[in-house]
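K.L.:
Coordinates in upload.cif, mmCIF, C-alpha atoms, are listed below.
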```
data_protein
loop_
_atom_site.label_atom_id
_atom_site.label_comp_id
_atom_site.auth_asym_id
_atom_site.auth_seq_id
_atom_site.Cartn_x
_atom_site.Cartn_y
_atom_site.Cartn_z
CA MET A 1 -20.90 -75.44 -38.38
CA SER A 2 -21.28 -72.46 -40.52
CA ASP A 3 -24.65 -71.66 -38.87
CA VAL A 4 -23.11 -71.98 -35.42
CA SER A 5 -20.20 -69.94 -36.52
CA LEU A 6 -22.55 -67.37 -38.01
CA GLY A 7 -24.57 -67.45 -34.83
CA ARG A 8 -21.50 -66.81 -32.71
CA SER A 9 -20.54 -63.93 -34.87
CA THR A 10 -23.93 -62.24 -34.61
CA ARG A 11 -26.52 -62.73 -31.84
CA PRO A 12 -24.47 -64.36 -29.05
CA THR A 13 -21.78 -61.66 -29.24
CA ARG A 14 -24.21 -58.80 -28.55
CA PRO A 15 -24.60 -59.49 -24.83
CA ALA A 16 -20.85 -60.16 -24.64
CA SER A 17 -20.08 -56.81 -26.26
CA PHE A 18 -22.58 -55.09 -24.02
CA LEU A 19 -21.03 -56.70 -20.94
CA ARG A 20 -17.57 -55.77 -22.14
CA LEU A 21 -18.68 -52.20 -22.63
CA LEU A 22 -20.32 -52.21 -19.21
CA TYR A 23 -17.12 -53.64 -17.71
CA LEU A 24 -14.98 -51.00 -19.42
CA ALA A 25 -17.34 -48.23 -18.37
CA GLY A 26 -17.18 -49.53 -14.80
CA LEU A 27 -13.41 -49.52 -14.91
CA ALA A 28 -13.38 -45.99 -16.30
CA VAL A 29 -15.66 -44.79 -13.52
CA LEU A 30 -13.55 -46.61 -10.95
CA PHE A 31 -10.35 -44.96 -12.16
CA ALA A 32 -11.97 -41.58 -12.67
CA LEU A 33 -13.66 -41.58 -9.27
CA PRO A 34 -10.63 -40.45 -7.23
CA ALA A 35 -10.00 -37.71 -9.77
CA LEU A 36 -13.63 -36.62 -9.63
CA ILE A 37 -13.54 -36.60 -5.85
CA ALA A 38 -10.26 -34.70 -5.95
CA ILE A 39 -11.89 -31.96 -8.02
CA ALA A 40 -13.86 -31.06 -4.91
CA ASN A 41 -10.62 -30.58 -3.04
CA PRO A 42 -7.69 -30.03 -5.43
CA PHE A 43 -4.19 -30.77 -4.24
CA GLY A 44 -0.86 -29.27 -5.24
CA PRO A 45 -0.01 -26.39 -7.58
CA THR A 46 -0.96 -28.04 -10.86
CA GLU A 47 -4.59 -28.70 -9.94
CA GLY A 48 -5.06 -26.34 -7.02
CA CYS A 49 -3.77 -23.28 -5.28
CA CYS A 50 -0.84 -24.42 -3.29
CA ARG A 51 2.61 -25.81 -3.52
CA TYR A 52 3.45 -29.08 -1.80
CA ALA A 53 5.56 -29.13 1.33
CA ASP A 54 9.25 -29.82 0.71
CA SER A 55 9.46 -32.85 3.02
CA SER A 56 7.34 -35.08 5.25
CA THR A 57 8.54 -33.27 8.36
CA HIS A 58 6.82 -29.92 8.59
CA THR A 59 8.97 -27.58 10.65
CA TRP A 60 7.49 -24.41 12.10
CA LEU A 61 8.63 -21.32 13.93
CA ASP A 62 6.64 -19.15 16.30
CA ALA A 63 7.85 -15.72 15.20
CA ALA A 64 4.98 -13.92 16.88
CA GLY A 65 6.78 -13.26 20.14
CA THR A 66 4.53 -12.24 22.97
CA GLY A 67 2.83 -9.11 21.66
CA GLY A 68 0.15 -8.35 19.13
CA GLY A 69 -2.39 -10.90 20.31
CA ALA A 70 0.08 -13.73 19.82
CA ALA A 71 -1.17 -15.69 22.81
CA ALA A 72 -4.67 -15.82 21.36
CA TRP A 73 -3.35 -17.58 18.26
CA GLU A 74 -0.50 -19.64 19.73
CA PHE A 75 -2.75 -22.23 21.35
CA TYR A 76 -4.74 -22.86 18.17
CA PHE A 77 -1.75 -22.94 15.84
CA GLU A 78 -0.04 -25.53 18.04
CA ALA A 79 -3.31 -27.44 18.45
CA ALA A 80 -3.73 -27.58 14.67
CA MET A 81 -0.18 -28.86 14.25
CA ASP A 82 -0.50 -31.39 17.10
CA TYR A 83 -4.04 -32.64 16.59
CA ASP A 84 -4.74 -32.05 12.89
CA LEU A 85 -1.45 -32.53 11.04
CA ALA A 86 0.54 -34.81 13.36
CA PRO A 87 -1.96 -37.73 13.13
CA THR A 88 -1.35 -37.90 9.36
CA ASP A 89 1.72 -39.49 7.80
CA MET A 90 3.44 -36.11 8.05
CA SER A 91 5.26 -35.19 11.21
CA GLU A 92 5.68 -31.71 12.63
CA ALA A 93 8.47 -30.14 14.65
CA GLU A 94 8.85 -26.75 16.25
CA VAL A 95 12.23 -25.18 15.58
CA THR A 96 13.92 -22.01 16.76
CA TYR A 97 15.66 -20.98 13.53
CA HIS A 98 14.37 -18.90 10.64
CA ASN A 99 16.93 -20.31 8.27
CA ILE A 100 20.25 -22.08 8.38
CA GLY A 101 21.83 -21.15 5.09
CA THR A 102 19.35 -22.19 2.41
CA ASN A 103 17.44 -24.43 4.78
CA TYR A 104 14.43 -22.37 5.79
CA VAL A 105 11.83 -23.30 8.36
CA ASP A 106 8.78 -24.61 6.47
CA VAL A 107 6.16 -22.47 8.20
CA GLU A 108 6.80 -19.27 10.07
CA TRP A 109 3.73 -17.83 11.79
CA TYR A 110 3.16 -14.43 13.33
CA THR A 111 0.45 -11.91 13.95
CA SER A 112 -0.12 -8.87 11.83
CA SER A 113 -2.70 -6.17 11.26
CA LEU A 114 -4.41 -7.67 8.23
CA GLU A 115 -6.71 -5.44 6.25
CA PRO A 116 -10.37 -6.49 6.24
CA PRO A 117 -11.78 -8.98 5.58
CA ALA A 118 -8.75 -11.27 6.09
CA ILE A 119 -8.56 -13.24 9.35
CA GLY A 120 -5.51 -15.28 8.37
CA VAL A 121 -3.31 -15.65 5.29
CA ALA A 122 -0.78 -18.16 3.97
CA GLN A 123 1.77 -17.18 1.35
CA CYS A 124 4.68 -19.12 -0.13
CA ILE A 125 7.62 -16.75 0.11
CA LEU A 126 10.28 -19.04 -1.33
CA ASP A 127 10.02 -22.00 -3.73
CA VAL A 128 12.37 -24.95 -3.68
CA PRO A 129 14.76 -23.79 -6.45
CA ALA A 130 15.03 -27.16 -8.16
CA ASP A 131 11.33 -27.97 -7.80
CA PRO A 132 8.92 -25.01 -7.95
CA THR A 133 5.97 -27.31 -7.22
CA ARG A 134 7.23 -27.36 -3.63
CA CYS A 135 7.50 -24.51 -1.20
CA ASN A 136 10.63 -23.98 0.85
CA HIS A 137 9.26 -21.30 3.16
CA TRP A 138 5.69 -20.26 4.02
CA HIS A 139 4.53 -17.28 5.99
CA VAL A 140 1.28 -17.71 7.90
CA ARG A 141 -0.08 -14.50 9.37
CA PHE A 142 -3.05 -14.06 11.66
CA ASN A 143 -4.93 -10.86 12.25
CA TYR A 144 -3.95 -9.72 15.72
CA PRO A 145 -7.01 -7.80 16.76
CA THR A 146 -8.63 -10.80 18.38
CA SER A 147 -12.18 -10.14 17.32
CA SER A 148 -12.30 -13.71 16.03
CA THR A 149 -13.81 -16.47 18.15
CA ALA A 150 -11.86 -19.47 19.47
CA THR A 151 -13.49 -21.74 16.88
CA GLN A 152 -12.65 -19.31 14.07
CA ARG A 153 -9.02 -19.25 15.24
CA HIS A 154 -8.80 -23.06 15.33
CA HIS A 155 -10.44 -23.26 11.89
CA THR A 156 -8.11 -20.60 10.48
CA ALA A 157 -4.98 -22.28 11.88
CA CYS A 158 -6.00 -25.69 10.48
CA HIS A 159 -6.97 -24.11 7.13
CA GLU A 160 -3.71 -22.21 6.67
CA ILE A 161 -1.61 -25.21 7.70
CA GLY A 162 -3.58 -27.20 5.12
CA HIS A 163 -2.51 -24.74 2.42
CA THR A 164 1.13 -25.15 3.48
CA VAL A 165 1.00 -28.88 2.66
CA GLY A 166 -0.74 -28.30 -0.70
CA LEU A 167 -4.45 -28.55 0.12
CA ASP A 168 -6.83 -26.27 -1.75
CA HIS A 169 -10.31 -25.27 -0.66
CA GLU A 170 -12.94 -27.95 -0.16
CA THR A 171 -16.20 -27.21 -1.92
CA SER A 172 -18.18 -30.35 -1.15
CA PRO A 173 -21.23 -29.35 0.90
CA THR A 174 -21.04 -32.58 2.90
CA SER A 175 -17.37 -32.32 3.84
CA SER A 176 -16.31 -31.58 7.41
CA SER A 177 -12.86 -30.37 6.34
CA CYS A 178 -11.32 -27.20 7.74
CA MET A 179 -10.42 -26.46 4.10
CA LYS A 180 -14.02 -25.38 3.62
CA SER A 181 -14.79 -21.76 4.34
CA THR A 182 -17.29 -22.76 7.03
CA THR A 183 -15.52 -21.68 10.16
CA SER A 184 -17.07 -24.38 12.37
CA ASN A 185 -14.88 -27.04 10.72
CA VAL A 186 -11.62 -27.37 12.63
CA THR A 187 -9.95 -30.59 11.42
CA PHE A 188 -8.86 -32.19 8.17
CA SER A 189 -11.33 -34.62 6.63
CA SER A 190 -10.47 -38.27 6.06
CA HIS A 191 -10.37 -37.32 2.34
CA ASP A 192 -7.69 -34.69 3.03
CA THR A 193 -5.67 -37.25 4.95
CA THR A 194 -6.12 -40.51 3.04
CA VAL A 195 -6.43 -39.22 -0.54
CA HIS A 196 -3.97 -36.34 -0.41
CA ILE A 197 -1.61 -36.00 2.55
CA ASN A 198 -0.70 -39.61 3.33
CA PRO A 199 0.02 -40.78 -0.24
CA LYS A 200 2.13 -37.68 -0.91
CA TYR A 201 4.19 -37.61 2.25
CA MET B 1 32.51 15.51 -47.02
CA SER B 2 30.16 13.18 -45.24
CA LYS B 3 29.37 13.85 -41.59
CA ARG B 4 30.40 10.88 -39.38
CA HIS B 5 29.50 10.21 -35.75
CA HIS B 6 32.51 10.00 -33.50
CA PRO B 7 32.64 6.54 -31.82
CA TYR B 8 33.56 8.10 -28.45
CA GLY B 9 30.53 10.37 -28.75
CA ILE B 10 28.22 7.37 -29.20
CA ALA B 11 29.85 5.57 -26.24
CA LEU B 12 29.51 8.70 -24.08
CA ALA B 13 25.86 9.13 -25.01
CA THR B 14 25.14 5.45 -24.27
CA THR B 15 26.90 5.70 -20.91
CA LEU B 16 24.95 8.84 -19.98
CA LEU B 17 21.72 7.12 -20.99
CA LEU B 18 22.51 4.06 -18.83
CA VAL B 19 23.49 6.23 -15.86
CA ALA B 20 20.28 8.23 -16.21
CA GLN B 21 18.26 5.02 -16.39
CA SER B 22 19.93 3.53 -13.31
CA CYS B 23 19.38 6.79 -11.40
CA THR B 24 15.69 6.69 -12.30
CA SER B 25 15.27 3.07 -11.22
CA SER B 26 17.14 3.65 -7.97
CA THR B 27 14.59 6.25 -6.91
CA SER B 28 11.56 3.99 -7.41
CA PRO B 29 11.14 0.48 -5.98
CA SER B 30 11.65 -2.35 -8.41
CA THR B 31 8.83 -4.81 -8.97
CA THR B 32 9.43 -8.38 -10.09
CA GLN B 33 7.56 -10.44 -12.66
CA ARG B 34 7.05 -13.07 -9.98
CA THR B 35 3.87 -12.96 -7.93
CA ILE B 36 3.08 -14.49 -4.57
CA GLU B 37 -0.30 -16.15 -4.25
CA VAL B 38 -1.95 -15.51 -0.93
CA GLU B 39 -4.69 -17.74 0.41
CA ALA B 40 -6.79 -15.88 2.95
CA VAL B 41 -9.45 -16.97 5.39
CA ALA B 42 -12.24 -14.43 5.68
CA SER B 43 -15.91 -14.26 6.46
CA THR B 44 -18.19 -15.58 3.77
CA PHE B 45 -21.93 -15.10 3.48
CA GLU B 46 -24.67 -17.56 2.67
CA SER B 47 -26.64 -15.08 0.60
CA LEU B 48 -26.63 -11.64 -0.96
CA GLU B 49 -29.11 -10.58 1.71
CA ALA B 50 -26.75 -11.66 4.52
CA MET B 51 -23.77 -9.86 2.94
CA ALA B 52 -25.84 -6.74 2.39
CA GLN B 53 -26.97 -6.78 6.03
CA ALA B 54 -23.34 -6.97 7.16
CA SER B 55 -22.43 -4.00 4.94
CA GLU B 56 -22.88 -0.46 6.19
CA ILE B 57 -22.49 0.95 2.69
CA ILE B 58 -22.81 -0.66 -0.75
CA VAL B 59 -21.53 1.51 -3.57
CA GLU B 60 -20.72 1.35 -7.24
CA GLY B 61 -17.73 3.45 -8.18
CA GLU B 62 -14.52 3.99 -10.07
CA ILE B 63 -11.06 3.59 -8.59
CA ILE B 64 -9.38 6.97 -9.10
CA GLU B 65 -6.18 6.33 -7.12
CA VAL B 66 -4.12 3.34 -6.00
CA ALA B 67 -1.48 4.31 -3.44
CA ASP B 68 0.79 2.50 -1.00
CA GLY B 69 -1.08 1.44 2.10
CA ARG B 70 -0.07 0.14 5.52
CA PHE B 71 3.31 -1.62 5.84
CA GLN B 72 3.37 -4.70 8.06
CA PRO B 73 6.97 -5.43 9.00
CA HIS B 74 8.31 -8.94 9.26
CA PRO B 75 8.99 -9.64 12.95
CA ILE B 76 12.54 -10.90 12.40
CA ASN B 77 13.97 -9.68 9.11
CA GLU B 78 14.52 -5.94 9.07
CA GLY B 79 13.14 -4.11 6.04
CA GLU B 80 11.04 -7.11 4.97
CA GLY B 81 7.26 -7.18 5.18
CA ASP B 82 3.88 -6.83 3.54
CA LEU B 83 2.73 -3.57 2.00
CA GLY B 84 -1.00 -3.08 1.45
CA LEU B 85 -2.68 -0.79 -1.05
CA SER B 86 -4.93 2.16 -0.38
CA LEU B 87 -7.71 2.60 -2.92
CA THR B 88 -9.63 5.80 -3.48
CA ILE B 89 -13.03 5.17 -5.02
CA GLU B 90 -15.29 7.86 -6.41
CA ILE B 91 -18.88 6.87 -5.80
CA ALA B 92 -21.09 6.71 -8.89
CA SER B 93 -24.19 5.27 -7.26
CA VAL B 94 -25.26 4.22 -3.77
CA LEU B 95 -27.17 1.00 -3.13
CA LYS B 96 -27.06 1.29 0.65
CA GLY B 97 -25.76 3.69 3.27
CA ASP B 98 -25.25 7.29 4.19
CA VAL B 99 -22.92 8.38 1.39
CA GLU B 100 -23.57 10.35 -1.78
CA PRO B 101 -22.55 9.99 -5.43
CA GLY B 102 -19.48 12.11 -6.15
CA GLU B 103 -17.98 11.52 -2.68
CA THR B 104 -14.83 9.44 -2.35
CA VAL B 105 -14.17 6.55 0.03
CA THR B 106 -10.85 4.95 0.94
CA VAL B 107 -10.61 1.16 0.97
CA PRO B 108 -7.39 -0.50 2.24
CA TRP B 109 -6.56 -3.56 0.15
CA ALA B 110 -4.92 -6.55 1.83
CA GLY B 111 -3.06 -7.80 -1.25
CA GLY B 112 -0.33 -5.34 -2.15
CA TYR B 113 3.31 -6.30 -2.26
CA TYR B 114 5.75 -8.46 -0.39
CA VAL B 115 8.75 -6.22 0.14
CA GLU B 116 12.16 -7.86 0.30
CA PRO B 117 15.00 -6.41 2.41
CA ASP B 118 16.54 -4.74 -0.69
CA GLY B 119 13.22 -3.00 -1.41
CA THR B 120 12.14 -5.27 -4.27
CA ARG B 121 8.37 -5.53 -4.42
CA ILE B 122 6.69 -8.82 -5.30
CA PRO B 123 2.98 -8.40 -6.11
CA LEU B 124 0.59 -10.33 -3.84
CA VAL B 125 -2.41 -11.98 -5.47
CA ILE B 126 -4.90 -12.52 -2.69
CA ASN B 127 -7.52 -15.23 -3.20
CA GLY B 128 -6.94 -15.03 -6.92
CA GLN B 129 -7.72 -11.31 -7.06
CA ALA B 130 -5.52 -9.16 -9.23
CA HIS B 131 -4.45 -5.75 -7.99
CA PRO B 132 -7.24 -3.20 -8.29
CA GLU B 133 -6.32 -0.60 -10.91
CA VAL B 134 -7.19 3.00 -11.59
CA GLY B 135 -10.23 3.15 -13.85
CA GLU B 136 -11.74 -0.06 -12.53
CA ASN B 137 -15.50 0.19 -12.14
CA SER B 138 -16.75 -2.07 -9.38
CA LEU B 139 -19.41 -2.73 -6.80
CA TRP B 140 -18.21 -2.71 -3.19
CA PHE B 141 -19.79 -4.15 -0.03
CA LEU B 142 -18.14 -2.21 2.80
CA GLY B 143 -18.20 -2.10 6.57
CA PRO B 144 -16.50 -0.02 9.25
CA HIS B 145 -12.68 0.09 9.30
CA PRO B 146 -10.61 0.73 12.46
CA ASP B 147 -9.24 3.92 10.82
CA GLY B 148 -12.76 5.40 10.75
CA GLY B 149 -13.73 8.50 8.77
CA ALA B 150 -14.02 7.87 5.05
CA THR B 151 -12.03 4.63 5.33
CA TRP B 152 -14.07 1.47 4.89
CA GLY B 153 -13.24 -2.22 5.00
CA LEU B 154 -14.36 -4.90 2.58
CA VAL B 155 -16.81 -7.24 4.39
CA ALA B 156 -15.83 -10.32 2.33
CA PHE B 157 -13.56 -11.00 -0.63
CA GLU B 158 -16.63 -11.67 -2.78
CA GLY B 159 -17.74 -8.14 -1.85
CA ARG B 160 -15.68 -6.60 -4.67
CA LEU B 161 -17.31 -7.25 -8.05
CA LEU B 162 -16.25 -5.83 -11.39
CA VAL B 163 -18.98 -4.08 -13.35
CA GLU B 164 -18.65 -5.21 -16.96
CA ASP B 165 -19.49 -2.98 -19.93
CA ASN B 166 -22.84 -4.75 -20.29
CA GLY B 167 -23.64 -4.00 -16.65
CA GLU B 168 -23.13 -7.57 -15.42
CA LEU B 169 -21.14 -8.21 -12.28
CA ALA B 170 -18.08 -10.44 -12.34
CA LEU B 171 -16.47 -11.98 -9.29
CA THR B 172 -12.85 -11.13 -8.73
CA THR B 173 -12.17 -13.89 -6.21
CA HIS B 174 -11.52 -17.53 -7.01
CA ARG B 175 -13.40 -18.60 -3.90
CA LEU B 176 -16.80 -19.67 -5.08
CA ASP B 177 -17.97 -21.58 -2.04
CA SER B 178 -20.15 -18.81 -0.68
CA GLY B 179 -23.83 -18.45 -1.42
CA ALA B 180 -23.46 -14.69 -1.86
CA ALA B 181 -20.75 -15.16 -4.49
CA LEU B 182 -22.82 -17.62 -6.49
CA GLU B 183 -25.90 -15.44 -6.24
CA LEU B 184 -24.13 -12.25 -7.31
CA ASN B 185 -22.11 -13.64 -10.19
CA ALA B 186 -23.61 -12.36 -13.49
CA MET B 187 -26.29 -10.25 -11.80
CA THR B 188 -26.39 -6.61 -12.84
CA VAL B 189 -26.06 -3.62 -10.52
CA ASP B 190 -29.74 -2.81 -11.14
CA GLU B 191 -30.76 -6.37 -10.25
CA VAL B 192 -28.81 -6.13 -7.01
CA ARG B 193 -30.44 -2.78 -6.27
CA GLN B 194 -33.86 -4.30 -6.93
CA ALA B 195 -33.10 -7.37 -4.79
CA LEU B 196 -32.04 -5.14 -1.90
CA SER B 197 -35.17 -3.01 -2.12
CA ASN B 198 -37.47 -6.04 -1.78
#
```
Give the structure from this file in structure tokens form.

P.N.:
Amino acid sequence: MSDVSLGRSTRPTRPASFLRLLYLAGLAVLFALPALIAIANPFGPTEGCCRYADSSTHTWLDAAGTGGGAAAWEFYFEAAMDYDLAPTDMSEAEVTYHNIGTNYVDVEWYTSSLEPPAIGVAQCILDVPADPTRCNHWHVRFNYPTSSTATQRHHTACHEIGHTVGLDHETSPTSSSCMKSTTSNVTFSSHDTTVHINPKY
Amino acid sequence: MSKRHHPYGIALATTLLLVAQSCTSSTSPSTTQRTIEVEAVASTFESLEAMAQASEIIVEGEIIEVADGRFQPHPINEGEGDLGLSLTIEIASVLKGDVEPGETVTVPWAGGYYVEPDGTRIPLVINGQAHPEVGENSLWFLGPHPDGGATWGLVAFEGRLLVEDNGELALTTHRLDSGAALELNAMTVDEVRQALSN
């Protein structure tokens, strides 16, 4: 008995310990994997650039009017809302108000003469007072001299809308996300949608 | 007999001091501690060579003046809008282009202030880049600007690089997904000059 007991306490336990370690290492990798993937595309203000949206319905206002190259951007901004954001678990709605009391439209877009090299910018003008990780009111501005191509405009609209829901830049070379700086990418990636947007909203 | 300060005299002096202070602050715009982070889409370049080709001039120089630039009004709210900066740079050395050391160039800077209707200025931090300051020594990749003349536009946000005391370049943007940015980071001005001459 004592030999068996001794045996159990020495040689037979080595493979078991090794397997346990392997199992634990596997678990660690499994749990760390989403975080490692997320590093390529950070989300929210604590790990990335941008505050979260304040609700799952993203309201927006076309404040561009008709001048200043607005028409050149209108189509692509609406396309990005309709075909990039709307298919996620977030919904979008065009509104006609800037604010009703403290309830501000989530995204207000217009055209502006941006200094080079900016093509489009997104800036959170107003936080949610009780929760500064969320943005109450974003301004998205596009450069109105329409030297940009149609694809660049679609990319820029998708990219800036992405910032307004909390997405940071995508650095993975294999990603097709519009959050990359490559202007040929015009939609969110499945990673943007399934790992970030849908679980949050 | 000891000399004592009259309490009304102290109160009067304090009041005058406060009035003077409020008069001073009412003549210059107030700036808040808060900043607004701006995420901008701009051209990026795959390599230093590509960014250099897109630049009409590449200069190393010192910022000698930072002034208010173009004001972009908000389309709805009167008095509200974005105010850019106008940088004057004295050229120390020329890596490319038809300009000479000692000349100055003007570079409009997209990240200035967000101006609220009451005139309060909130600093804009564009793509992680702090406001350029007088005395800053940097390398600039510049192209034509609609204003023409001695006014030039930055070709990409990674086209402004600080020149450290040891001569190494440091990126000012947080966007590191461009080949040019990765290539330039920690190069020296002389290494860039050499790379461009090859």

K.L.:
Go through the shown structure with the PyMOL selection byres ((chain B and resi 79) around 9) and write out the matching residues as a tab-separated table (two decimals) with C-alpha atoms, keeping the file's coordinate frame.

P.N.:
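Okay, this is what ended up in result08.tsv:
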```
chain	number	residue	atom	x	y	z
B	73	PRO	CA	6.97	-5.43	9.00
B	74	HIS	CA	8.31	-8.94	9.26
B	77	ASN	CA	13.97	-9.68	9.11
B	78	GLU	CA	14.52	-5.94	9.07
B	80	GLU	CA	11.04	-7.11	4.97
B	81	GLY	CA	7.26	-7.18	5.18
B	115	VAL	CA	8.75	-6.22	0.14
B	116	GLU	CA	12.16	-7.86	0.30
B	117	PRO	CA	15.00	-6.41	2.41
B	118	ASP	CA	16.54	-4.74	-0.69
B	119	GLY	CA	13.22	-3.00	-1.41
```

K.L.:
Neighbouring residues of His137 (chain A) were defined as those with any atom within 7 Å, considering only C-alpha atoms; residues of the same chain fewer than 4 positions away were excluded. Please report them as a ChimeraX atom specification.

P.N.:
/A:104-107,124-127

K.L.:
Of the residues B:Leu139, B:Ala54, B:Leu85, B:Ala156, which is the one nearest to chain A, using only C-alpha atoms?

P.N.:
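Among the listed residues, B:Ala156 lies closest to chain A.
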
K.L.:
What gap, in Å, lies between CA of Tyr52 (chain A) and CA of Tyr144 (chain A)?

P.N.:
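So the two atoms, CA of Tyr52 (chain A) and CA of Tyr144 (chain A), lie 27.1 Å apart.
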
K.L.:
Given the file above and the PyMOL selection byres ((chain B) within 6 of (chain A)), which residues are selected, and can you give them as a ChimeraX atom specification?

P.N.:
/B:38-42,110,153-156,177

K.L.:
Write a file for region 89-158 of chain B, containing C-alpha atoms (output as a JSON list (two decimals), in the first residue's frame).

P.N.:
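Writing done, so here's part_7.json:
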```
[["chain", "number", "residue", "atom", "x", "y", "z"],
["B", 89, "ILE", "CA", 7.54, 78.41, -38.31],
["B", 90, "GLU", "CA", 11.04, 79.73, -38.88],
["B", 91, "ILE", "CA", 12.89, 77.34, -41.13],
["B", 92, "ALA", "CA", 16.17, 75.99, -39.76],
["B", 93, "SER", "CA", 16.92, 73.48, -42.50],
["B", 94, "VAL", "CA", 15.30, 72.35, -45.74],
["B", 95, "LEU", "CA", 15.04, 68.68, -46.69],
["B", 96, "LYS", "CA", 12.94, 69.30, -49.79],
["B", 97, "GLY", "CA", 11.47, 72.22, -51.70],
["B", 98, "ASP", "CA", 12.02, 75.74, -52.85],
["B", 99, "VAL", "CA", 12.35, 77.51, -49.49],
["B", 100, "GLU", "CA", 15.39, 78.75, -47.62],
["B", 101, "PRO", "CA", 16.58, 78.58, -44.00],
["B", 102, "GLY", "CA", 15.60, 81.76, -42.16],
["B", 103, "GLU", "CA", 12.33, 82.15, -44.09],
["B", 104, "THR", "CA", 9.04, 81.67, -42.28],
["B", 105, "VAL", "CA", 6.06, 79.55, -43.33],
["B", 106, "THR", "CA", 2.51, 79.62, -41.98],
["B", 107, "VAL", "CA", 0.81, 76.32, -41.17],
["B", 108, "PRO", "CA", -2.89, 76.33, -40.17],
["B", 109, "TRP", "CA", -3.53, 73.78, -37.42],
["B", 110, "ALA", "CA", -6.85, 71.93, -37.36],
["B", 111, "GLY", "CA", -6.95, 71.38, -33.60],
["B", 112, "GLY", "CA", -7.44, 74.70, -31.85],
["B", 113, "TYR", "CA", -10.39, 75.40, -29.61],
["B", 114, "TYR", "CA", -14.07, 74.66, -29.43],
["B", 115, "VAL", "CA", -15.65, 78.02, -28.68],
["B", 116, "GLU", "CA", -18.86, 78.03, -26.66],
["B", 117, "PRO", "CA", -21.52, 80.73, -27.13],
["B", 118, "ASP", "CA", -20.22, 82.65, -24.08],
["B", 119, "GLY", "CA", -16.73, 82.72, -25.60],
["B", 120, "THR", "CA", -15.23, 79.99, -23.41],
["B", 121, "ARG", "CA", -12.52, 78.11, -25.27],
["B", 122, "ILE", "CA", -12.12, 74.36, -24.83],
["B", 123, "PRO", "CA", -8.81, 73.07, -26.25],
["B", 124, "LEU", "CA", -9.14, 70.48, -29.02],
["B", 125, "VAL", "CA", -6.70, 67.57, -28.99],
["B", 126, "ILE", "CA", -6.69, 66.23, -32.52],
["B", 127, "ASN", "CA", -5.58, 62.61, -33.00],
["B", 128, "GLY", "CA", -3.82, 62.76, -29.67],
["B", 129, "GLN", "CA", -1.70, 65.75, -30.67],
["B", 130, "ALA", "CA", -1.21, 68.46, -28.11],
["B", 131, "HIS", "CA", -1.33, 72.08, -29.19],
["B", 132, "PRO", "CA", 1.88, 73.14, -30.93],
["B", 133, "GLU", "CA", 3.73, 75.67, -28.77],
["B", 134, "VAL", "CA", 6.17, 78.48, -29.35],
["B", 135, "GLY", "CA", 9.71, 77.11, -29.17],
["B", 136, "GLU", "CA", 8.77, 73.68, -30.46],
["B", 137, "ASN", "CA", 11.38, 72.31, -32.85],
["B", 138, "SER", "CA", 9.82, 69.96, -35.37],
["B", 139, "LEU", "CA", 10.01, 68.41, -38.80],
["B", 140, "TRP", "CA", 7.11, 69.23, -41.12],
["B", 141, "PHE", "CA", 5.90, 67.50, -44.30],
["B", 142, "LEU", "CA", 3.89, 70.18, -46.10],
["B", 143, "GLY", "CA", 1.84, 70.55, -49.25],
["B", 144, "PRO", "CA", -0.08, 73.37, -50.92],
["B", 145, "HIS", "CA", -2.83, 75.12, -48.93],
["B", 146, "PRO", "CA", -5.85, 76.84, -50.52],
["B", 147, "ASP", "CA", -4.64, 80.17, -49.05],
["B", 148, "GLY", "CA", -1.47, 79.96, -51.15],
["B", 149, "GLY", "CA", 1.59, 82.17, -50.63],
["B", 150, "ALA", "CA", 3.65, 81.20, -47.62],
["B", 151, "THR", "CA", 0.76, 79.17, -46.17],
["B", 152, "TRP", "CA", 1.22, 75.41, -46.31],
["B", 153, "GLY", "CA", -0.91, 72.47, -45.26],
["B", 154, "LEU", "CA", 0.21, 69.38, -43.37],
["B", 155, "VAL", "CA", 0.02, 66.36, -45.73],
["B", 156, "ALA", "CA", -0.75, 63.86, -42.94],
["B", 157, "PHE", "CA", -0.99, 64.00, -39.16],
["B", 158, "GLU", "CA", 2.18, 61.90, -38.92]]
```
